[in-house]
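Q: mmCIF, C-alpha atoms and all ligand atoms, file structure_27.cif:
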data_coords
#
loop_
_atom_site.label_atom_id
_atom_site.label_comp_id
_atom_site.auth_asym_id
_atom_site.auth_seq_id
_atom_site.Cartn_x
_atom_site.Cartn_y
_atom_site.Cartn_z
CA MET A 1 13.03 -20.32 10.06
CA ASN A 2 11.31 -17.56 8.19
CA ASN A 3 7.57 -18.07 7.84
CA TYR A 4 6.62 -14.79 6.32
CA GLN A 5 8.22 -14.93 2.87
CA ALA A 6 6.30 -16.08 -0.18
CA ASN A 7 7.31 -19.59 -1.25
CA GLU A 8 8.25 -20.30 -4.87
CA LYS A 9 4.56 -20.60 -5.82
CA GLY A 10 3.79 -17.31 -4.13
CA TYR A 11 2.08 -18.65 -1.01
CA TYR A 12 2.23 -17.14 2.44
CA GLY A 13 0.84 -20.08 4.39
CA ASP A 14 -2.60 -20.73 2.92
CA PHE A 15 -2.78 -17.49 0.96
CA GLY A 16 -1.41 -16.21 -2.34
CA GLY A 17 -0.71 -18.17 -5.51
CA ALA A 18 -1.64 -17.17 -9.05
CA TYR A 19 -5.27 -17.75 -10.00
CA ILE A 20 -5.41 -16.27 -13.46
CA PRO A 21 -7.31 -16.74 -16.69
CA GLU A 22 -5.40 -18.77 -19.26
CA MET A 23 -5.01 -15.70 -21.47
CA LEU A 24 -2.97 -13.93 -18.79
CA TYR A 25 -0.70 -16.87 -18.20
CA PRO A 26 2.14 -15.87 -20.59
CA ASN A 27 2.43 -12.35 -19.09
CA VAL A 28 2.39 -13.49 -15.48
CA GLU A 29 4.71 -16.39 -16.20
CA GLU A 30 7.22 -14.12 -17.96
CA LEU A 31 7.27 -11.87 -14.92
CA ARG A 32 7.45 -14.77 -12.47
CA THR A 33 10.43 -16.36 -14.16
CA LYS A 34 12.38 -13.11 -14.54
CA TYR A 35 11.57 -10.76 -11.65
CA LEU A 36 14.09 -12.07 -9.11
CA GLU A 37 16.90 -12.29 -11.63
CA ILE A 38 16.21 -8.72 -12.78
CA MET A 39 15.89 -7.33 -9.25
CA ASN A 40 19.17 -8.94 -8.24
CA GLU A 41 21.21 -7.53 -11.14
CA PRO A 42 23.79 -5.05 -9.77
CA SER A 43 22.86 -2.53 -12.50
CA PHE A 44 19.19 -2.76 -11.51
CA LYS A 45 19.96 -2.20 -7.84
CA GLU A 46 22.18 0.72 -8.66
CA GLU A 47 19.57 2.43 -10.85
CA PHE A 48 16.78 1.73 -8.32
CA ASN A 49 18.74 3.09 -5.37
CA GLN A 50 19.93 6.13 -7.30
CA LEU A 51 16.38 7.06 -8.31
CA LEU A 52 15.07 6.50 -4.78
CA LYS A 53 17.74 8.87 -3.51
CA ASP A 54 17.86 11.63 -6.12
CA TYR A 55 14.35 11.49 -7.58
CA VAL A 56 12.12 10.31 -4.73
CA GLY A 57 14.17 12.03 -2.02
CA ARG A 58 14.88 9.00 0.18
CA PRO A 59 15.62 8.27 2.92
CA SER A 60 12.30 9.62 4.16
CA PRO A 61 12.67 11.09 7.66
CA LEU A 62 11.75 9.21 10.81
CA TYR A 63 10.18 11.99 12.83
CA TYR A 64 9.72 11.93 16.60
CA ALA A 65 6.24 13.40 17.10
CA LYS A 66 6.65 15.10 20.45
CA ARG A 67 3.20 16.58 20.97
CA LEU A 68 1.39 13.50 19.65
CA SER A 69 3.54 11.36 21.97
CA LYS A 70 2.66 13.53 24.95
CA LYS A 71 -1.05 13.37 24.13
CA HIS A 72 -1.07 9.57 23.99
CA ASN A 73 1.53 9.00 26.67
CA THR A 74 3.90 6.89 24.57
CA LYS A 75 6.81 7.47 22.15
CA VAL A 76 5.52 7.97 18.63
CA TYR A 77 7.70 8.13 15.55
CA LEU A 78 6.21 8.88 12.13
CA LYS A 79 7.82 7.39 9.04
CA ARG A 80 7.39 10.25 6.63
CA GLU A 81 6.45 8.58 3.34
CA ASP A 82 4.26 11.66 2.81
CA LEU A 83 7.46 13.58 2.02
CA ASN A 84 8.37 11.38 -0.95
CA HIS A 85 8.12 12.87 -4.43
CA THR A 86 4.43 12.55 -5.46
CA GLY A 87 3.33 12.45 -1.82
CA ALA A 88 3.06 8.81 -0.78
CA HIS A 89 4.84 5.48 -0.49
CA LYS A 90 3.44 4.31 -3.85
CA VAL A 91 6.38 5.73 -5.80
CA ASN A 92 8.86 3.27 -4.23
CA ASN A 93 7.05 0.49 -6.05
CA THR A 94 6.45 2.28 -9.35
CA ILE A 95 10.14 3.15 -9.67
CA GLY A 96 10.97 -0.52 -9.17
CA GLN A 97 8.35 -1.81 -11.57
CA ILE A 98 9.11 0.64 -14.38
CA LEU A 99 12.73 -0.54 -14.27
CA VAL A 100 11.52 -4.16 -14.45
CA ALA A 101 9.17 -3.28 -17.35
CA LYS A 102 12.03 -1.65 -19.27
CA ARG A 103 14.19 -4.71 -18.85
CA LEU A 104 11.31 -6.88 -20.09
CA GLY A 105 11.17 -4.68 -23.22
CA LYS A 106 7.65 -3.31 -22.55
CA ASN A 107 6.62 0.03 -24.05
CA ARG A 108 3.10 0.47 -22.68
CA ILE A 109 2.13 0.70 -19.00
CA ILE A 110 -1.27 0.21 -17.43
CA ALA A 111 -2.25 0.68 -13.79
CA GLU A 112 -5.30 0.78 -11.52
CA THR A 113 -5.73 3.42 -8.87
CA GLY A 114 -8.05 4.17 -5.95
CA ALA A 115 -6.84 7.27 -4.17
CA GLY A 116 -4.98 8.29 -7.29
CA GLN A 117 -1.60 8.14 -5.52
CA HIS A 118 -0.58 4.99 -7.33
CA GLY A 119 -1.91 6.46 -10.58
CA VAL A 120 0.13 9.61 -10.08
CA ALA A 121 3.22 7.61 -9.11
CA THR A 122 2.82 5.47 -12.24
CA ALA A 123 2.19 8.47 -14.52
CA THR A 124 5.29 10.07 -13.00
CA VAL A 125 7.67 7.21 -13.71
CA CYS A 126 6.21 6.81 -17.21
CA ALA A 127 6.93 10.49 -17.90
CA LEU A 128 10.41 9.97 -16.49
CA MET A 129 11.05 7.07 -18.86
CA GLY A 130 9.04 8.35 -21.85
CA ILE A 131 6.61 5.41 -21.84
CA GLN A 132 2.86 5.49 -22.67
CA CYS A 133 0.65 5.30 -19.56
CA ILE A 134 -3.02 4.39 -19.11
CA VAL A 135 -4.59 4.50 -15.63
CA TYR A 136 -7.94 2.90 -14.78
CA MET A 137 -9.88 4.60 -12.00
CA GLY A 138 -13.41 4.14 -10.64
CA GLU A 139 -15.86 6.93 -11.46
CA VAL A 140 -16.54 7.55 -7.76
CA ASP A 141 -12.81 7.92 -7.09
CA ILE A 142 -12.36 10.23 -10.08
CA LYS A 143 -14.75 12.61 -8.31
CA ARG A 144 -13.37 12.34 -4.77
CA GLN A 145 -9.69 12.49 -5.77
CA ALA A 146 -9.96 15.18 -8.45
CA PRO A 147 -6.53 16.79 -7.81
CA ASN A 148 -4.81 13.49 -8.53
CA VAL A 149 -6.78 13.03 -11.77
CA ALA A 150 -5.54 16.44 -12.91
CA ARG A 151 -1.98 15.53 -11.95
CA MET A 152 -2.08 12.31 -13.97
CA LYS A 153 -3.35 14.18 -17.02
CA MET A 154 -0.70 16.86 -16.62
CA LEU A 155 1.92 14.11 -16.51
CA GLY A 156 0.68 12.85 -19.86
CA ALA A 157 -1.29 9.80 -18.74
CA GLU A 158 -4.71 8.81 -20.01
CA VAL A 159 -7.25 8.24 -17.20
CA ARG A 160 -9.96 5.74 -18.13
CA PRO A 161 -13.06 5.58 -15.89
CA ALA A 162 -14.31 2.25 -14.50
CA LYS A 163 -18.09 2.37 -14.48
CA SER A 164 -19.10 -1.00 -13.04
CA GLY A 165 -19.86 -2.18 -9.46
CA SER A 166 -19.11 0.35 -6.75
CA LYS A 167 -17.04 2.30 -9.33
CA THR A 168 -14.01 2.18 -7.05
CA LEU A 169 -10.65 0.39 -6.80
CA LYS A 170 -11.92 -3.17 -7.31
CA ASP A 171 -13.66 -2.15 -10.52
CA ALA A 172 -10.62 -0.24 -11.79
CA THR A 173 -8.53 -3.37 -11.17
CA ASN A 174 -10.99 -5.47 -13.20
CA GLU A 175 -10.63 -3.05 -16.12
CA ALA A 176 -6.84 -3.09 -15.93
CA ILE A 177 -6.78 -6.89 -15.97
CA ARG A 178 -9.11 -6.85 -19.00
CA ASP A 179 -6.73 -4.47 -20.78
CA TRP A 180 -3.74 -6.71 -20.01
CA ILE A 181 -5.49 -9.75 -21.45
CA ASN A 182 -6.07 -7.78 -24.66
CA ASN A 183 -2.50 -6.44 -24.84
CA PRO A 184 -0.31 -9.33 -23.75
CA VAL A 185 2.89 -8.54 -25.64
CA ASP A 186 3.89 -4.90 -25.27
CA THR A 187 2.20 -4.02 -21.95
CA HIS A 188 3.32 -4.26 -18.33
CA TYR A 189 0.67 -3.93 -15.61
CA ILE A 190 2.05 -1.98 -12.62
CA ILE A 191 -0.09 -3.23 -9.73
CA GLY A 192 -0.08 -0.69 -6.91
CA SER A 193 -0.41 -2.83 -3.83
CA ALA A 194 0.78 -6.10 -2.32
CA ILE A 195 -2.02 -7.95 -4.11
CA GLY A 196 -2.59 -9.73 -7.41
CA PRO A 197 -1.20 -13.01 -8.71
CA HIS A 198 2.29 -14.18 -7.75
CA PRO A 199 4.85 -12.61 -8.17
CA TYR A 200 3.18 -9.24 -7.54
CA PRO A 201 2.67 -9.41 -3.75
CA ASP A 202 6.29 -10.45 -3.25
CA MET A 203 7.71 -8.00 -5.80
CA VAL A 204 5.75 -5.04 -4.41
CA THR A 205 6.64 -6.00 -0.83
CA GLN A 206 10.32 -6.13 -1.72
CA PHE A 207 10.23 -2.71 -3.38
CA GLN A 208 8.42 -1.25 -0.36
CA SER A 209 10.71 -2.97 2.15
CA ILE A 210 13.01 0.05 1.90
CA ILE A 211 10.64 1.61 4.48
CA SER A 212 11.52 -0.83 7.28
CA GLU A 213 15.15 -1.02 6.15
CA GLU A 214 15.42 2.71 6.82
CA ILE A 215 13.40 2.58 10.06
CA LYS A 216 15.98 0.17 11.50
CA TRP A 217 19.04 2.36 11.02
CA GLN A 218 17.12 5.55 11.76
CA LEU A 219 15.94 4.16 15.10
CA LYS A 220 19.47 3.00 15.84
CA GLU A 221 20.64 6.58 15.36
CA LYS A 222 17.85 8.07 17.47
CA GLU A 223 17.24 5.46 20.16
CA GLY A 224 20.41 3.38 20.09
CA LYS A 225 18.50 0.26 19.02
CA GLU A 226 17.09 -1.00 15.74
CA LEU A 227 13.83 -2.51 16.92
CA PRO A 228 10.69 -0.59 17.88
CA ASP A 229 8.03 -2.12 20.13
CA TYR A 230 5.32 -1.70 17.51
CA VAL A 231 4.98 -0.87 13.83
CA VAL A 232 1.59 0.43 12.74
CA ALA A 233 0.21 0.88 9.22
CA CYS A 234 -3.10 1.23 7.43
CA ILE A 235 -4.08 -1.52 5.02
CA GLY A 236 -5.86 -1.20 1.71
CA GLY A 237 -4.24 -3.96 -0.32
CA GLY A 238 -1.33 -3.71 2.07
CA SER A 239 1.77 -2.27 0.38
CA ASN A 240 2.78 0.44 2.85
CA ALA A 241 2.08 -2.04 5.64
CA ALA A 242 4.12 -4.80 3.98
CA GLY A 243 7.05 -2.41 3.56
CA THR A 244 6.78 -1.12 7.13
CA TYR A 245 6.66 -4.61 8.64
CA TYR A 246 9.07 -6.45 6.32
CA HIS A 247 12.34 -6.34 8.27
CA PHE A 248 10.52 -6.90 11.58
CA LEU A 249 8.42 -9.90 10.61
CA ASP A 250 10.77 -12.41 12.23
CA GLU A 251 11.38 -10.25 15.28
CA GLN A 252 8.72 -11.59 17.62
CA ASN A 253 9.29 -8.73 20.07
CA VAL A 254 8.13 -6.21 17.51
CA GLY A 255 4.34 -5.97 17.51
CA ILE A 256 2.76 -5.75 14.06
CA ILE A 257 -0.40 -3.65 13.96
CA ALA A 258 -2.67 -3.40 10.92
CA VAL A 259 -5.47 -0.88 10.66
CA GLU A 260 -8.32 -1.40 8.23
CA ALA A 261 -11.22 0.84 7.27
CA ALA A 262 -14.46 0.14 9.13
CA GLY A 263 -16.30 2.77 7.07
CA LYS A 264 -19.58 3.53 8.82
CA GLY A 265 -19.04 0.62 11.24
CA VAL A 266 -17.86 -2.98 10.83
CA HIS A 267 -21.41 -4.33 10.77
CA SER A 268 -23.07 -1.37 9.06
CA GLY A 269 -22.99 -2.98 5.64
CA GLU A 270 -20.77 -0.09 4.55
CA SER A 271 -17.21 -1.00 5.41
CA ALA A 272 -13.93 -2.38 4.11
CA ALA A 273 -12.94 -4.30 7.27
CA THR A 274 -11.67 -7.34 5.41
CA SER A 275 -10.07 -9.24 8.27
CA GLN A 276 -13.25 -8.99 10.37
CA LEU A 277 -15.74 -9.73 7.60
CA GLY A 278 -13.69 -11.61 5.01
CA LYS A 279 -13.59 -15.30 4.20
CA GLU A 280 -11.12 -17.20 2.07
CA GLY A 281 -11.70 -16.50 -1.57
CA ILE A 282 -10.02 -15.45 -4.78
CA ILE A 283 -9.78 -11.87 -5.96
CA HIS A 284 -7.64 -10.38 -8.70
CA GLY A 285 -5.49 -13.47 -9.05
CA CYS A 286 -4.74 -14.50 -5.48
CA LYS A 287 -6.30 -16.52 -2.69
CA THR A 288 -6.84 -14.32 0.31
CA LEU A 289 -9.38 -12.97 2.78
CA LEU A 290 -12.17 -11.33 0.93
CA MET A 291 -15.55 -9.77 1.75
CA GLN A 292 -18.15 -11.88 0.00
CA THR A 293 -21.75 -13.05 0.14
CA PRO A 294 -22.52 -16.60 1.34
CA ASP A 295 -22.56 -17.75 -2.29
CA GLY A 296 -19.19 -16.20 -3.04
CA GLN A 297 -20.07 -12.91 -4.76
CA ILE A 298 -17.70 -10.10 -3.82
CA THR A 299 -19.34 -7.56 -1.50
CA GLU A 300 -19.10 -3.91 -2.55
CA PRO A 301 -16.77 -2.22 -0.05
CA TYR A 302 -17.08 1.27 1.39
CA SER A 303 -14.66 3.67 3.08
CA ILE A 304 -14.36 7.46 3.10
CA SER A 305 -10.78 6.79 2.06
CA ALA A 306 -10.43 5.78 -1.59
CA GLY A 307 -7.15 3.94 -0.94
CA LEU A 308 -8.67 1.62 1.68
CA ASP A 309 -11.94 1.04 -0.17
CA TYR A 310 -11.12 -2.51 -1.28
CA PRO A 311 -12.87 -5.81 -0.41
CA GLY A 312 -9.69 -7.89 -0.10
CA VAL A 313 -6.29 -7.71 1.54
CA GLY A 314 -2.88 -8.86 0.31
CA PRO A 315 -2.04 -12.52 1.01
CA LEU A 316 0.84 -11.67 3.38
CA HIS A 317 -1.63 -9.83 5.59
CA ALA A 318 -4.23 -12.61 5.43
CA HIS A 319 -1.41 -14.88 6.69
CA LEU A 320 -0.40 -12.46 9.45
CA TYR A 321 -4.03 -12.34 10.54
CA LYS A 322 -4.61 -16.08 10.47
CA THR A 323 -1.38 -16.92 12.28
CA GLY A 324 -1.95 -14.21 14.89
CA ARG A 325 1.40 -12.54 14.05
CA GLY A 326 -0.44 -9.29 13.31
CA GLU A 327 -2.99 -7.49 15.47
CA PHE A 328 -5.81 -6.17 13.29
CA TYR A 329 -8.04 -3.20 14.10
CA SER A 330 -10.81 -1.49 12.15
CA VAL A 331 -11.30 2.25 12.33
CA THR A 332 -14.46 4.12 11.28
CA ASP A 333 -14.57 7.09 8.94
CA ASP A 334 -15.34 9.37 11.89
CA ASP A 335 -12.45 8.16 14.03
CA ALA A 336 -10.02 8.41 11.11
CA MET A 337 -11.12 11.95 10.29
CA ALA A 338 -10.71 12.98 13.93
CA ALA A 339 -7.19 11.48 13.99
CA GLY A 340 -6.33 13.37 10.80
CA LEU A 341 -7.43 16.63 12.40
CA GLU A 342 -5.52 15.80 15.57
CA LEU A 343 -2.24 15.25 13.70
CA SER A 344 -2.75 18.44 11.71
CA GLN A 345 -3.19 20.51 14.86
CA LEU A 346 -0.63 18.79 17.10
CA GLU A 347 2.20 18.37 14.61
CA GLY A 348 1.42 20.61 11.63
CA ILE A 349 1.16 17.65 9.28
CA ILE A 350 -2.03 17.06 7.26
CA PRO A 351 -2.13 13.33 6.52
CA ALA A 352 -3.79 11.40 3.71
CA ILE A 353 -7.11 9.98 4.97
CA GLU A 354 -5.65 6.48 4.50
CA SER A 355 -2.84 7.32 6.93
CA SER A 356 -5.35 8.92 9.33
CA HIS A 357 -6.75 5.43 9.88
CA ALA A 358 -3.38 4.26 11.22
CA LEU A 359 -3.19 7.37 13.41
CA ALA A 360 -6.54 6.47 15.00
CA ILE A 361 -4.94 3.39 16.61
CA PHE A 362 -4.74 5.24 19.94
CA ASN A 363 -8.52 4.84 20.39
CA ASP A 364 -8.22 1.07 20.35
CA LYS A 365 -4.80 0.25 21.72
CA LYS A 366 -3.11 1.49 24.87
CA PHE A 367 0.67 1.67 24.64
CA LYS A 368 3.07 1.91 27.57
CA PRO A 369 4.86 5.24 28.18
CA ASP A 370 8.24 3.85 27.13
CA ASP A 371 6.97 1.90 24.10
CA ILE A 372 8.44 2.98 20.78
CA VAL A 373 5.60 3.06 18.29
CA VAL A 374 6.45 3.68 14.63
CA ILE A 375 3.49 4.69 12.49
CA SER A 376 3.68 4.70 8.71
CA LEU A 377 2.54 8.11 7.53
CA SER A 378 1.88 6.68 4.09
CA GLY A 379 0.81 9.87 2.34
CA ARG A 380 0.02 13.55 2.53
CA GLY A 381 -3.45 15.03 2.69
CA ASP A 382 -3.37 17.43 -0.27
CA LYS A 383 -5.44 15.06 -2.40
CA ASP A 384 -8.05 14.83 0.38
CA LEU A 385 -8.62 18.50 1.08
CA ASP A 386 -12.08 18.49 -0.52
CA THR A 387 -13.14 15.55 1.65
CA TYR A 388 -11.74 17.21 4.79
CA ILE A 389 -13.46 20.50 3.81
CA ASP A 390 -16.85 18.78 3.34
CA TYR A 391 -16.51 16.71 6.50
CA PHE A 392 -15.37 19.49 8.85
CA LYS A 393 -17.31 22.26 7.03
CA LEU A 394 -14.03 24.23 6.83
C1 LIG A 401 -1.54 7.49 1.09
C2 LIG A 401 -2.02 6.09 0.95
N1 LIG A 401 -1.88 5.24 1.98
C3 LIG A 401 -2.29 3.96 1.90
C4 LIG A 401 -2.91 3.47 0.76
C5 LIG A 401 -3.38 2.06 0.75
O1 LIG A 401 -2.63 1.23 -0.06
P1 LIG A 401 -1.67 0.12 0.53
O2 LIG A 401 -2.50 -0.69 1.48
O3 LIG A 401 -1.25 -0.65 -0.66
O4 LIG A 401 -0.55 0.79 1.20
C6 LIG A 401 -3.07 4.32 -0.35
C7 LIG A 401 -3.69 3.83 -1.56
O5 LIG A 401 -3.97 4.52 -2.50
C8 LIG A 401 -2.61 5.66 -0.25
O6 LIG A 401 -2.74 6.51 -1.27
#
Could you write out this file's structure as structure tokens?

A:
Amino acid sequence: MNNYQANEKGYYGDFGGAYIPEMLYPNVEELRTKYLEIMNEPSFKEEFNQLLKDYVGRPSPLYYAKRLSKKHNTKVYLKREDLNHTGAHKVNNTIGQILVAKRLGKNRIIAETGAGQHGVATATVCALMGIQCIVYMGEVDIKRQAPNVARMKMLGAEVRPAKSGSKTLKDATNEAIRDWINNPVDTHYIIGSAIGPHPYPDMVTQFQSIISEEIKWQLKEKEGKELPDYVVACIGGGSNAAGTYYHFLDEQNVGIIAVEAAGKGVHSGESAATSQLGKEGIIHGCKTLLMQTPDGQITEPYSISAGLDYPGVGPLHAHLYKTGRGEFYSVTDDDAMAAGLELSQLEGIIPAIESSHALAIFNDKKFKPDDIVVISLSGRGDKDLDTYIDYFKL
């Protein structure tokens, strides 16, 4: 029995569903009734797989990190999503969703973005298809991810600042939802993580599941077996994690490890450690774990990493946490930055600060020497150079 798939109402155990204002109902319902049929069409699969291969550059390598393994006395493989076109895993999902949007007859795309990777990936596929693109981004993120803002503009997208709240991902998402309510007919909203109302978490997870599909056959080639001992990923909303875990969810011998952002410390009042601090609540259309005040107001999150700076977590992950299927850890800004520097100097790979959180797992978890640990290297660090420069005074 498979307990980790969304049911027909979009629930993973107690979490998920579609909690939406009435004015969004037609858009979400249209998507819900059509997404599986579209994704299962042979012509859709063919176009999706072709673009992943020739445009994104998949399969992404599974790289045995020899020096990192030696340092931590275990066998570490890195799944190199950082080598995808546009520099992160986000493009797997935007390729899928733009093909869905085209089949739904939409000619205007909106998106939210935190780190800017999803914004860039959306602007990219819109350029590819010749479709208008508007990306909402918090003002704070516009400053800390400036290279990605320039990329989106170069690709022809309009970047609209979100000026409310903490001026980060949550606020950008609010603006995108507002736009969708006002433009219900011609617009598709490309959500960038495994969050939002059903069917988004399931749809995004399925598009990202290519990551674990590849890990299986790549490990078979390298190790003679398909299953690692652990899969590790950072979690903002949870899309790279969902994709990395997907084909291992029912394999109880594969440990699932999720790494969240503890910011300045879980109890510092400046963090995004949702599983530790969150309670059941509703955010952006789904019931999940959510950082909130005792009277239910969403708490402003904080992380040095724009992509993890979100007060909720996708419903699949809330379920993995509650059922104990996933082990959850929270990593501070300082530990993540140190892990980013370590990977740069041991392996010659500068990771996105989001991915650096996953790489900091070795501080909290001891693996055995013969464990096979696959870490999702969700993105590359180019977009974060200014933050690394400021932090390390380079
Ligand atoms: C490189 C990278 N990794 C991870 C994330 C977090 O998103 P998710 O949890 O959906 O994978 C982001 C978000 O922008 C990102 O850019």

Q: Set the distance at 8 Å and use all atoms listed in the file: which residues neighbour A:Leu346 once local chain neighbours fewer than 2 positions away are removed? I'd like the list as a ChimeraX atom specification.

A: /A:67-68,342-344,348

Q: Could you tell me, counting only C-alpha atoms and all ligand atoms, which protein and nucleic acid residues lie no more than 7 Å from ligand LIG 401 (chain A), written as a ChimeraX atom specification?

A: /A:88-89,113-118,192-194,234-241,306-308,352,354-355,378-380

Q: In the coordinate frame of the file, compute which residues have an atom within 9 Å of (11.9, 3.8, -1.7) when using all atoms listed in the file, and state them as a list in words.

A: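 Output of the proximity query reads Phe48, Asn49, Leu51, Leu52, Lys53, Val56, Gly57, Arg58, Pro59, Ser60, Glu81, Asn84, His89, Lys90, Val91, Asn92, Asn93, Ile95, Gly96, Phe207, Gln208, Ser209, Ile210 and Ile211 of chain A.
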
Q: Measuring atom to atom with all atoms listed in the file, identify which of A:Leu316, A:Ile283, A:Ile215, A:Val125 is nearest to A:Ala242.

A: A:Leu316

Q: Around the point (15.7, -2.2, -16.4), in the coordinates given by the file, pick out the residues reaching within 12 Å, counting all atoms listed in the file, and return them as a list in words.

A: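 Residues found, by chain and rising number: Lys34, Tyr35, Glu37, Ile38, Met39, Asn40, Glu41, Pro42, Ser43, Phe44, Lys45, Glu46, Glu47, Phe48, Ile95, Gly96, Gln97, Ile98, Leu99, Val100, Ala101, Lys102, Arg103, Leu104, Gly105, Lys106 and Met129 of chain A.
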
Q: Can you tell me how far atom CA of A:Ala162 sits from atom CA of A:Ser356, in Å to one decimal?

A: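 Result for atom CA of A:Ala162 versus atom CA of A:Ser356: 26.3 Å, one decimal.
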
Q: Between A:Val120, A:Val231, A:Val140, A:Ala318, which residue has the minimum interatomic distance to A:Thr86, considering all atoms listed in the file?

A: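 Looking only at the distances to A:Thr86, the closest residue turns out to be A:Val120.
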
Q: For the atom pair atom CA of A:Tyr310 and atom CA of A:Leu169, what is the interatomic distance in Å to one decimal place?

A: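 Calculated distance between atom CA of A:Tyr310 and atom CA of A:Leu169 is 6.3 Å.
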
Q: Produce the centre coordinates and the three edge lengths, each in Å to one decimal, of the box along x, y and z that contains all listed atoms of stretch 307-321 of chain A with 6 Å added on each side, as JSON.

A:
{"center_x": -6.0, "center_y": -5.5, "center_z": 4.6, "size_x": 25.7, "size_y": 30.8, "size_z": 23.8}

Q: Could you name the residues that touch A:Glu270 at 9 Å or less, counting all atoms listed in the file, but leaving out those on the same chain fewer than 4 positions away, as an NGL selection string?

A: :A and (262-266 or 300-303)

Q: Using all atoms listed in the file, pick whichever of A:Glu29, A:Glu260, A:Glu213, A:Glu221 has the shortest atom-to-atom distance to A:His247.

A: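 Of all the options, A:Glu213 lies closest to A:His247.
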
Q: Report, in Å to a single decimal, how far apart atom CA of A:Met152 and atom CA of A:Pro197 are.

A: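 These two atoms are separated by 25.9 Å.
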
Q: Near A:Tyr77, counting all atoms listed in the file, which residues have an atom at most 8 Å away, once you skip same-chain residues fewer than 6 positions from it, shown as a PyMOL selection string?

A: chain A and resi 62-65+372-375

Q: Which one of A:Thr168, A:Val76, A:Leu277, A:Ser69 sits closest to A:Arg144 if you count only C-alpha atoms?

A: A:Thr168

Q: Would you fill the gaps in stretch 170-181 of chain A so it has N, CA, C and O atoms, then print it as a short mmCIF file (atom, residue, chain, number, x, y, z; two decimals), keeping the file's coordinate frame?

A:
data_model
loop_
_atom_site.label_atom_id
_atom_site.label_comp_id
_atom_site.auth_asym_id
_atom_site.auth_seq_id
_atom_site.Cartn_x
_atom_site.Cartn_y
_atom_site.Cartn_z
N LYS A 170 -11.70 -1.81 -6.80
CA LYS A 170 -11.92 -3.17 -7.31
C LYS A 170 -12.29 -3.15 -8.79
O LYS A 170 -11.80 -3.95 -9.58
N ASP A 171 -13.15 -2.22 -9.15
CA ASP A 171 -13.66 -2.15 -10.52
C ASP A 171 -12.58 -1.64 -11.47
O ASP A 171 -12.47 -2.11 -12.61
N ALA A 172 -11.75 -0.72 -10.98
CA ALA A 172 -10.62 -0.24 -11.79
C ALA A 172 -9.65 -1.39 -12.04
O ALA A 172 -9.10 -1.53 -13.14
N THR A 173 -9.44 -2.22 -11.02
CA THR A 173 -8.53 -3.37 -11.17
C THR A 173 -9.07 -4.35 -12.22
O THR A 173 -8.31 -4.86 -13.05
N ASN A 174 -10.38 -4.59 -12.18
CA ASN A 174 -10.99 -5.47 -13.20
C ASN A 174 -10.70 -4.94 -14.60
O ASN A 174 -10.35 -5.71 -15.50
N GLU A 175 -10.86 -3.64 -14.79
CA GLU A 175 -10.63 -3.05 -16.12
C GLU A 175 -9.17 -3.18 -16.55
O GLU A 175 -8.87 -3.45 -17.71
N ALA A 176 -8.27 -2.99 -15.60
CA ALA A 176 -6.84 -3.09 -15.93
C ALA A 176 -6.49 -4.51 -16.35
O ALA A 176 -5.75 -4.73 -17.32
N ILE A 177 -7.05 -5.48 -15.63
CA ILE A 177 -6.78 -6.89 -15.97
C ILE A 177 -7.32 -7.19 -17.38
O ILE A 177 -6.66 -7.85 -18.19
N ARG A 178 -8.52 -6.66 -17.66
CA ARG A 178 -9.11 -6.85 -19.00
C ARG A 178 -8.18 -6.28 -20.08
O ARG A 178 -7.95 -6.90 -21.11
N ASP A 179 -7.65 -5.11 -19.83
CA ASP A 179 -6.73 -4.47 -20.78
C ASP A 179 -5.50 -5.36 -21.00
O ASP A 179 -5.06 -5.58 -22.14
N TRP A 180 -4.97 -5.90 -19.91
CA TRP A 180 -3.74 -6.71 -20.01
C TRP A 180 -3.97 -7.96 -20.84
O TRP A 180 -3.13 -8.36 -21.64
N ILE A 181 -5.16 -8.56 -20.66
CA ILE A 181 -5.49 -9.75 -21.45
C ILE A 181 -5.49 -9.39 -22.94
O ILE A 181 -5.05 -10.17 -23.77
#
